[in-house]
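File shown: protein-v8.txt. Contents: compact mmCIF, N, CA and C atoms.
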```txt
# COMPACT_ATOMS: atom_id res chain seq x y z
N MET A 18 92.79 127.45 140.38
CA MET A 18 92.69 128.62 141.23
C MET A 18 92.35 128.17 142.64
N THR A 19 92.88 128.89 143.59
CA THR A 19 92.50 128.68 144.99
C THR A 19 91.97 130.01 145.52
N GLU A 20 91.35 129.96 146.67
CA GLU A 20 90.81 131.18 147.27
C GLU A 20 91.90 132.22 147.51
N GLY A 21 93.12 131.78 147.76
CA GLY A 21 94.22 132.69 147.99
C GLY A 21 94.64 133.48 146.75
N ASP A 22 94.14 133.09 145.59
CA ASP A 22 94.47 133.78 144.34
C ASP A 22 93.53 134.94 144.03
N ALA A 23 92.55 135.19 144.89
CA ALA A 23 91.49 136.16 144.59
C ALA A 23 92.02 137.56 144.30
N ASP A 24 93.01 138.02 145.05
CA ASP A 24 93.55 139.37 144.81
C ASP A 24 94.12 139.49 143.41
N ALA A 25 94.97 138.54 143.03
CA ALA A 25 95.62 138.59 141.72
C ALA A 25 94.61 138.42 140.60
N VAL A 26 93.66 137.52 140.78
CA VAL A 26 92.65 137.29 139.75
C VAL A 26 91.77 138.54 139.59
N ALA A 27 91.44 139.20 140.69
CA ALA A 27 90.67 140.44 140.61
C ALA A 27 91.43 141.51 139.85
N ALA A 28 92.72 141.63 140.09
CA ALA A 28 93.54 142.62 139.39
C ALA A 28 93.56 142.33 137.89
N LEU A 29 93.66 141.06 137.51
CA LEU A 29 93.65 140.70 136.10
C LEU A 29 92.28 140.94 135.48
N SER A 30 91.21 140.68 136.23
CA SER A 30 89.86 140.96 135.72
C SER A 30 89.71 142.45 135.42
N THR A 31 90.30 143.27 136.27
CA THR A 31 90.27 144.71 136.06
C THR A 31 91.04 145.08 134.79
N GLN A 32 92.18 144.43 134.54
CA GLN A 32 92.92 144.66 133.29
C GLN A 32 92.07 144.30 132.08
N LEU A 33 91.24 143.29 132.22
CA LEU A 33 90.37 142.85 131.13
C LEU A 33 89.23 143.83 130.89
N GLY A 34 88.99 144.73 131.84
CA GLY A 34 87.91 145.70 131.68
C GLY A 34 86.71 145.42 132.55
N TYR A 35 86.88 144.51 133.51
CA TYR A 35 85.81 144.17 134.44
C TYR A 35 86.31 144.43 135.86
N PRO A 36 86.27 145.68 136.29
CA PRO A 36 86.78 146.00 137.63
C PRO A 36 86.15 145.10 138.69
N SER A 37 87.01 144.49 139.49
CA SER A 37 86.55 143.54 140.50
C SER A 37 87.41 143.67 141.74
N SER A 38 86.79 143.50 142.88
CA SER A 38 87.54 143.46 144.14
C SER A 38 87.84 142.00 144.46
N ALA A 39 88.77 141.80 145.37
CA ALA A 39 89.10 140.44 145.80
C ALA A 39 87.86 139.78 146.42
N GLU A 40 87.07 140.55 147.16
CA GLU A 40 85.87 139.99 147.80
C GLU A 40 84.86 139.53 146.75
N GLN A 41 84.65 140.34 145.72
CA GLN A 41 83.72 139.95 144.65
C GLN A 41 84.23 138.70 143.94
N THR A 42 85.52 138.68 143.65
CA THR A 42 86.12 137.55 142.95
C THR A 42 85.99 136.28 143.78
N LEU A 43 86.25 136.38 145.06
CA LEU A 43 86.14 135.22 145.95
C LEU A 43 84.71 134.70 146.00
N ARG A 44 83.74 135.58 146.10
CA ARG A 44 82.33 135.18 146.11
C ARG A 44 81.96 134.47 144.81
N ARG A 45 82.39 135.02 143.69
CA ARG A 45 82.09 134.41 142.39
C ARG A 45 82.79 133.05 142.25
N PHE A 46 84.04 132.99 142.70
CA PHE A 46 84.81 131.75 142.62
C PHE A 46 84.13 130.65 143.43
N ARG A 47 83.66 130.99 144.60
CA ARG A 47 82.97 129.99 145.43
C ARG A 47 81.71 129.49 144.74
N GLY A 48 80.99 130.36 144.07
CA GLY A 48 79.81 129.95 143.31
C GLY A 48 80.16 129.02 142.17
N ILE A 49 81.25 129.33 141.48
CA ILE A 49 81.71 128.46 140.39
C ILE A 49 82.11 127.10 140.95
N GLY A 50 82.73 127.09 142.12
CA GLY A 50 83.16 125.84 142.75
C GLY A 50 82.01 124.90 143.06
N GLU A 51 80.81 125.44 143.20
CA GLU A 51 79.64 124.62 143.48
C GLU A 51 79.09 123.94 142.23
N ALA A 52 79.51 124.39 141.05
CA ALA A 52 79.01 123.84 139.79
C ALA A 52 79.90 122.66 139.38
N PRO A 53 79.30 121.51 139.08
CA PRO A 53 80.13 120.34 138.74
C PRO A 53 80.86 120.47 137.41
N ASP A 54 80.33 121.27 136.48
CA ASP A 54 80.94 121.41 135.16
C ASP A 54 81.55 122.79 134.96
N ALA A 55 82.30 123.26 135.94
CA ALA A 55 82.95 124.57 135.81
C ALA A 55 84.28 124.53 136.57
N ARG A 56 85.28 125.18 136.00
CA ARG A 56 86.59 125.25 136.63
C ARG A 56 87.25 126.58 136.30
N VAL A 57 88.18 126.97 137.17
CA VAL A 57 89.02 128.14 136.93
C VAL A 57 90.46 127.69 137.16
N TRP A 58 91.32 127.98 136.19
CA TRP A 58 92.75 127.69 136.32
C TRP A 58 93.51 129.00 136.31
N VAL A 59 94.64 129.01 136.99
CA VAL A 59 95.55 130.14 136.92
C VAL A 59 96.89 129.65 136.38
N ALA A 60 97.62 130.57 135.77
CA ALA A 60 98.99 130.28 135.33
C ALA A 60 99.91 131.11 136.21
N GLU A 61 100.92 130.46 136.75
CA GLU A 61 101.87 131.14 137.63
C GLU A 61 103.22 131.25 136.95
N GLY A 62 103.89 132.36 137.22
CA GLY A 62 105.25 132.55 136.75
C GLY A 62 106.22 131.84 137.67
N ALA A 63 107.50 131.94 137.36
CA ALA A 63 108.54 131.25 138.12
C ALA A 63 108.54 131.62 139.59
N GLU A 64 108.17 132.83 139.92
CA GLU A 64 108.19 133.29 141.31
C GLU A 64 106.83 133.14 141.99
N GLY A 65 105.91 132.43 141.36
CA GLY A 65 104.60 132.22 141.94
C GLY A 65 103.60 133.31 141.66
N LYS A 66 103.98 134.32 140.87
CA LYS A 66 103.06 135.41 140.52
C LYS A 66 102.05 134.91 139.49
N ILE A 67 100.77 135.25 139.70
CA ILE A 67 99.71 134.85 138.78
C ILE A 67 99.85 135.66 137.49
N LEU A 68 100.01 134.96 136.38
CA LEU A 68 100.18 135.61 135.08
C LEU A 68 98.90 135.63 134.26
N GLY A 69 97.95 134.76 134.61
CA GLY A 69 96.70 134.71 133.85
C GLY A 69 95.73 133.74 134.47
N TRP A 70 94.49 133.81 133.99
CA TRP A 70 93.47 132.86 134.42
C TRP A 70 92.51 132.57 133.29
N ILE A 71 91.84 131.40 133.40
CA ILE A 71 90.80 131.02 132.45
C ILE A 71 89.67 130.36 133.23
N HIS A 72 88.44 130.64 132.83
CA HIS A 72 87.24 130.04 133.42
C HIS A 72 86.53 129.28 132.30
N LEU A 73 86.18 128.03 132.56
CA LEU A 73 85.48 127.19 131.60
C LEU A 73 84.26 126.59 132.28
N PHE A 74 83.16 126.53 131.56
CA PHE A 74 81.95 125.92 132.13
C PHE A 74 81.19 125.15 131.06
N GLY A 75 80.44 124.14 131.51
CA GLY A 75 79.58 123.38 130.62
C GLY A 75 78.33 124.18 130.30
N ASN A 76 77.97 124.15 129.04
CA ASN A 76 76.83 124.91 128.54
C ASN A 76 75.83 123.93 127.94
N ARG A 77 74.68 123.81 128.55
CA ARG A 77 73.66 122.86 128.09
C ARG A 77 72.42 123.64 127.66
N LEU A 78 72.09 123.48 126.39
CA LEU A 78 70.94 124.17 125.81
C LEU A 78 69.99 123.16 125.20
N LEU A 79 68.73 123.49 125.14
CA LEU A 79 67.75 122.58 124.57
C LEU A 79 67.92 122.46 123.06
N GLU A 80 68.33 123.54 122.42
CA GLU A 80 68.37 123.56 120.96
C GLU A 80 69.68 123.06 120.35
N SER A 81 70.67 122.73 121.18
CA SER A 81 71.94 122.26 120.62
C SER A 81 72.64 121.33 121.61
N ASP A 82 73.57 120.56 121.08
CA ASP A 82 74.33 119.65 121.93
C ASP A 82 75.19 120.44 122.91
N PRO A 83 75.55 119.85 124.04
CA PRO A 83 76.36 120.56 125.02
C PRO A 83 77.72 120.96 124.47
N ASP A 84 78.22 122.05 124.98
CA ASP A 84 79.59 122.44 124.70
C ASP A 84 80.19 123.00 125.98
N ALA A 85 81.49 123.13 125.97
CA ALA A 85 82.18 123.80 127.06
C ALA A 85 82.47 125.20 126.56
N GLU A 86 82.26 126.18 127.41
CA GLU A 86 82.45 127.57 126.99
C GLU A 86 83.48 128.26 127.87
N ILE A 87 84.38 128.97 127.22
CA ILE A 87 85.34 129.79 127.94
C ILE A 87 84.59 131.03 128.40
N GLY A 88 84.42 131.15 129.71
CA GLY A 88 83.72 132.30 130.27
C GLY A 88 84.60 133.52 130.37
N GLY A 89 85.89 133.31 130.50
CA GLY A 89 86.83 134.42 130.57
C GLY A 89 88.25 133.90 130.47
N LEU A 90 89.10 134.71 129.88
CA LEU A 90 90.52 134.40 129.77
C LEU A 90 91.26 135.73 129.78
N VAL A 91 92.24 135.85 130.65
CA VAL A 91 93.06 137.06 130.66
C VAL A 91 94.48 136.70 131.03
N VAL A 92 95.41 137.34 130.35
CA VAL A 92 96.83 137.19 130.64
C VAL A 92 97.35 138.59 130.98
N HIS A 93 98.17 138.67 132.01
CA HIS A 93 98.75 139.95 132.43
C HIS A 93 99.42 140.62 131.24
N GLU A 94 99.23 141.93 131.14
CA GLU A 94 99.77 142.69 130.02
C GLU A 94 101.25 142.40 129.79
N ALA A 95 102.02 142.27 130.86
CA ALA A 95 103.46 142.06 130.75
C ALA A 95 103.83 140.64 130.33
N ALA A 96 102.87 139.73 130.36
CA ALA A 96 103.16 138.33 130.03
C ALA A 96 102.56 137.90 128.70
N ARG A 97 101.91 138.79 128.01
CA ARG A 97 101.27 138.42 126.74
C ARG A 97 102.32 138.09 125.69
N GLY A 98 101.96 137.14 124.83
CA GLY A 98 102.85 136.74 123.76
C GLY A 98 103.90 135.71 124.17
N ARG A 99 103.77 135.18 125.39
CA ARG A 99 104.76 134.20 125.87
C ARG A 99 104.17 132.79 126.03
N GLY A 100 102.98 132.57 125.51
CA GLY A 100 102.38 131.23 125.55
C GLY A 100 101.51 130.95 126.75
N VAL A 101 101.31 131.95 127.61
CA VAL A 101 100.49 131.73 128.82
C VAL A 101 99.04 131.44 128.43
N GLY A 102 98.47 132.24 127.56
CA GLY A 102 97.09 132.03 127.13
C GLY A 102 96.92 130.70 126.43
N ARG A 103 97.85 130.38 125.57
CA ARG A 103 97.81 129.10 124.84
C ARG A 103 97.83 127.93 125.83
N THR A 104 98.64 128.01 126.87
CA THR A 104 98.74 126.96 127.87
C THR A 104 97.44 126.84 128.66
N LEU A 105 96.86 127.96 129.02
CA LEU A 105 95.59 127.94 129.75
C LEU A 105 94.47 127.34 128.91
N VAL A 106 94.40 127.73 127.64
CA VAL A 106 93.37 127.18 126.75
C VAL A 106 93.58 125.67 126.59
N ALA A 107 94.81 125.23 126.43
CA ALA A 107 95.08 123.79 126.29
C ALA A 107 94.62 123.02 127.52
N ALA A 108 94.85 123.56 128.71
CA ALA A 108 94.40 122.90 129.94
C ALA A 108 92.87 122.82 129.98
N ALA A 109 92.22 123.90 129.59
CA ALA A 109 90.76 123.92 129.58
C ALA A 109 90.20 122.94 128.56
N GLU A 110 90.80 122.89 127.37
CA GLU A 110 90.34 121.96 126.34
C GLU A 110 90.53 120.51 126.78
N ALA A 111 91.63 120.21 127.44
CA ALA A 111 91.87 118.84 127.92
C ALA A 111 90.82 118.45 128.95
N TRP A 112 90.53 119.37 129.87
CA TRP A 112 89.51 119.11 130.90
C TRP A 112 88.15 118.85 130.25
N ALA A 113 87.81 119.68 129.24
CA ALA A 113 86.53 119.52 128.55
C ALA A 113 86.46 118.17 127.84
N SER A 114 87.53 117.82 127.16
CA SER A 114 87.57 116.55 126.43
C SER A 114 87.42 115.36 127.37
N GLU A 115 88.09 115.42 128.52
CA GLU A 115 88.00 114.35 129.51
C GLU A 115 86.57 114.16 130.01
N ARG A 116 85.78 115.19 129.96
CA ARG A 116 84.39 115.13 130.42
C ARG A 116 83.40 114.87 129.29
N GLY A 117 83.90 114.58 128.11
CA GLY A 117 83.03 114.20 127.00
C GLY A 117 82.57 115.33 126.12
N TYR A 118 83.02 116.53 126.36
CA TYR A 118 82.64 117.64 125.47
C TYR A 118 83.42 117.50 124.16
N THR A 119 82.75 117.76 123.06
CA THR A 119 83.39 117.67 121.76
C THR A 119 83.60 119.05 121.12
N VAL A 120 83.11 120.08 121.79
CA VAL A 120 83.23 121.45 121.28
C VAL A 120 83.55 122.38 122.45
N VAL A 121 84.45 123.31 122.21
CA VAL A 121 84.70 124.41 123.14
C VAL A 121 84.39 125.69 122.38
N SER A 122 83.62 126.57 123.00
CA SER A 122 83.29 127.84 122.36
C SER A 122 83.73 129.00 123.25
N VAL A 123 83.78 130.17 122.66
CA VAL A 123 84.16 131.37 123.40
C VAL A 123 83.46 132.55 122.74
N ARG A 124 83.05 133.50 123.54
CA ARG A 124 82.49 134.76 123.04
C ARG A 124 83.56 135.83 123.24
N SER A 125 83.68 136.71 122.28
CA SER A 125 84.68 137.76 122.38
C SER A 125 84.09 139.06 121.84
N ASN A 126 84.20 140.10 122.64
CA ASN A 126 83.68 141.40 122.26
C ASN A 126 84.22 141.82 120.90
N VAL A 127 83.39 142.49 120.11
CA VAL A 127 83.79 142.89 118.76
C VAL A 127 85.01 143.81 118.76
N ILE A 128 85.27 144.49 119.85
CA ILE A 128 86.41 145.42 119.89
C ILE A 128 87.73 144.73 120.20
N ARG A 129 87.70 143.47 120.58
CA ARG A 129 88.91 142.75 120.99
C ARG A 129 89.55 142.03 119.79
N LYS A 130 90.06 142.82 118.87
CA LYS A 130 90.63 142.27 117.63
C LYS A 130 91.81 141.34 117.90
N GLU A 131 92.67 141.69 118.87
CA GLU A 131 93.81 140.82 119.18
C GLU A 131 93.34 139.47 119.71
N ALA A 132 92.28 139.47 120.52
CA ALA A 132 91.74 138.22 121.04
C ALA A 132 91.19 137.37 119.90
N HIS A 133 90.53 138.02 118.94
CA HIS A 133 89.99 137.26 117.80
C HIS A 133 91.12 136.54 117.06
N GLU A 134 92.23 137.23 116.83
CA GLU A 134 93.36 136.62 116.14
C GLU A 134 93.99 135.50 116.98
N PHE A 135 94.03 135.71 118.28
CA PHE A 135 94.55 134.68 119.18
C PHE A 135 93.72 133.40 119.04
N TYR A 136 92.40 133.51 119.14
CA TYR A 136 91.54 132.33 119.07
C TYR A 136 91.60 131.69 117.68
N LYS A 137 91.63 132.49 116.64
CA LYS A 137 91.75 131.93 115.28
C LYS A 137 93.05 131.14 115.16
N GLY A 138 94.13 131.65 115.76
CA GLY A 138 95.42 130.96 115.72
C GLY A 138 95.40 129.62 116.44
N LEU A 139 94.44 129.44 117.33
CA LEU A 139 94.29 128.17 118.06
C LEU A 139 93.28 127.24 117.37
N GLY A 140 92.75 127.67 116.22
CA GLY A 140 91.81 126.83 115.48
C GLY A 140 90.35 127.13 115.72
N TYR A 141 90.04 128.15 116.50
CA TYR A 141 88.65 128.54 116.72
C TYR A 141 88.16 129.31 115.50
N GLU A 142 86.90 129.07 115.13
CA GLU A 142 86.32 129.74 113.97
C GLU A 142 85.11 130.56 114.40
N PRO A 143 84.98 131.77 113.86
CA PRO A 143 83.78 132.56 114.18
C PRO A 143 82.54 131.84 113.65
N THR A 144 81.48 131.81 114.46
CA THR A 144 80.27 131.12 114.01
C THR A 144 79.07 132.06 113.88
N LYS A 145 79.07 133.18 114.61
CA LYS A 145 77.97 134.13 114.46
C LYS A 145 78.30 135.43 115.18
N SER A 146 77.56 136.46 114.81
CA SER A 146 77.60 137.74 115.52
C SER A 146 76.25 137.90 116.20
N GLN A 147 76.26 138.54 117.35
CA GLN A 147 75.00 138.68 118.08
C GLN A 147 75.07 139.87 119.02
N PHE A 148 73.93 140.26 119.52
CA PHE A 148 73.85 141.24 120.59
C PHE A 148 73.61 140.48 121.88
N LYS A 149 74.14 140.98 122.96
CA LYS A 149 73.82 140.44 124.27
C LYS A 149 72.98 141.48 124.98
N PHE A 150 71.79 141.09 125.38
CA PHE A 150 70.89 141.99 126.09
C PHE A 150 70.97 141.70 127.58
N ARG A 151 70.71 142.71 128.37
CA ARG A 151 70.81 142.56 129.81
C ARG A 151 69.72 143.38 130.49
N LYS A 152 69.16 142.83 131.55
CA LYS A 152 68.16 143.54 132.34
C LYS A 152 68.45 143.30 133.81
N LYS A 153 68.57 144.37 134.57
CA LYS A 153 68.77 144.23 136.02
C LYS A 153 67.43 143.96 136.67
N LEU A 154 67.42 143.02 137.58
CA LEU A 154 66.21 142.64 138.30
C LEU A 154 66.24 143.26 139.69
N PRO A 155 65.08 143.57 140.23
CA PRO A 155 65.07 144.06 141.61
C PRO A 155 65.45 142.94 142.57
N PRO A 156 65.97 143.27 143.73
CA PRO A 156 66.34 142.23 144.70
C PRO A 156 65.13 141.36 145.05
N SER A 157 65.39 140.09 145.20
CA SER A 157 64.35 139.15 145.58
C SER A 157 63.99 139.38 147.05
N PRO A 158 62.72 139.31 147.40
CA PRO A 158 62.36 139.45 148.82
C PRO A 158 62.95 138.33 149.68
N ARG A 159 63.33 137.20 149.06
CA ARG A 159 63.90 136.08 149.80
C ARG A 159 65.41 136.22 149.95
N ALA A 160 66.03 137.20 149.28
CA ALA A 160 67.50 137.32 149.33
C ALA A 160 67.97 137.91 150.62
```
Would you encode the structure as structure tokens?
Amino acid sequence: MTEGDADAVAALSTQLGYPSSAEQTLRRFRGIGEAPDARVWVAEGAEGKILGWIHLFGNRLLESDPDAEIGGLVVHEAARGRGVGRTLVAAAEAWASERGYTVVSVRSNVIRKEAHEFYKGLGYEPTKSQFKFRKKLPPSPRA
């Protein structure tokens, strides 16, 4: 991904159910760019149109060995079923392997049944079900 892809990536994020503006996407992308173990790739069609994106990051926890985690993957509705997602995942897995990761994980909302089948078809296995809790914090006085 490059900064010039922010509009298209934002539109795809919105298709995924996470409404985003180009400005928000660009700010987030720049933050990801500062992390040594994180990348975002895009897939382009023949005419240069962005067909999908994937975000991968290194996940280091005290209680388990490091893994690379797919933070997000989306393929344009009109391009699904044509191997775009499979190609993006393969690129992410290769990058992770080159950096010494031996596991790639992904979280997928319980309602995304098609995504579950997609990942299973790539050899991913469900390992647990969980709740994700969230709490908004007040702005920091230093922000």
### Query
Do you know which residues are at most 6 Å from stretch 75-90 of chain A counting only N, CA and C atoms, after dropping those on the same chain fewer than 2 positions away, and could you put them as a PyMOL selection string?
chain A and resi 54-55+70-73+92+118-124
### Query
Can you tell me, as number ranges by chain, what residues are no more than 8 Å from A:Ala96 when counting all atoms listed in the file, ignoring any on the same chain fewer than 6 positions away?
A: 68-69, 102
Please produce an output containing N, CA and C atoms for each residue in the selection, written as a PDB file, keeping the file's coordinate frame.
```pdb
ATOM      1  N   LEU A  68     100.010 134.960 136.380  1.00  0.00           N
ATOM      2  CA  LEU A  68     100.180 135.610 135.080  1.00  0.00           C
ATOM      3  C   LEU A  68      98.900 135.630 134.260  1.00  0.00           C
ATOM      4  N   GLY A  69      97.950 134.760 134.610  1.00  0.00           N
ATOM      5  CA  GLY A  69      96.700 134.710 133.850  1.00  0.00           C
ATOM      6  C   GLY A  69      95.730 133.740 134.470  1.00  0.00           C
ATOM      7  N   GLY A 102      98.470 132.240 127.560  1.00  0.00           N
ATOM      8  CA  GLY A 102      97.090 132.030 127.130  1.00  0.00           C
ATOM      9  C   GLY A 102      96.920 130.700 126.430  1.00  0.00           C
TER      10      GLY A 102
END
```
### Pick from A:Tyr136, A:Tyr35, A:Phe150, A:Phe74, whichever lies nearest to A:Arg56 using only C-alpha atoms
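Of the candidates, the smallest distance to A:Arg56 is held by A:Phe74.
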### Query
Between A:Leu33, A:Gly117, A:Ala108, A:Arg44, which is the closest to A:Ala132 once you count only C-alpha atoms?
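So, comparing all the options, the nearest one is A:Leu33.
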### Task
Taking the DSSP assignment computed from this structure's backbone, write out as a PyMOL selection string all residues of chain A that belong to helix (DSSP H, G or I).
chain A and resi 20-33+39-50+94-96+101-115+130-138
### Query
When you draw a straight line from atom N of A:Ala23 to atom C of A:Glu110, how long is it in Å?
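Spanning atom N of A:Ala23 to atom C of A:Glu110 is a straight-line distance of 23.4 Å.
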### Task
From a DSSP calculation on the backbone, collect every residue of stretch 19-137 of chain A in strand (DSSP E) and output the set as a PyMOL selection string.
chain A and resi 55-61+67-76+84-92+121-123
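Residues of protein, DNA or RNA having at least one counted atom within 7 Å of (90.2, 145.4, 140.1), given all atoms listed in the file, are Ala27, Ala28, Leu29, Ser30, Thr31, Gln32, Tyr35, Pro36, Ser37, Ser38 and Ala39 of chain A.
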### Task
Go through A:Leu139, A:Ala95, A:Met18, A:Ala109 one by one, measure the shortest atom-to-atom distance of each to A:Val57 using only N, CA and C atoms, and give the residue with the smallest value.
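Residue with the minimum atom-to-atom distance to A:Val57: A:Met18.
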### Task
Go through A:Val101, A:Pro53, A:Glu64, A:Glu20 one by one, measure the shortest atom-to-atom distance of each to A:Gln41 using only C-alpha atoms, and give the residue with the smallest value.
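Smallest distance to A:Gln41 is found for A:Glu20.
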### Message
Just the number, please: distance in Å from atom N of A:Glu40 to atom N of A:Asp24, one decimal.
### Response
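Atom N of A:Glu40 sits 6.8 Å away from atom N of A:Asp24.
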### Task
For atom CA of A:Gly62 and atom CA of A:Glu94, determine how far apart the two atoms are, in Å to one decimal place.
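Computing it gives 13.3 Å between the two atoms.
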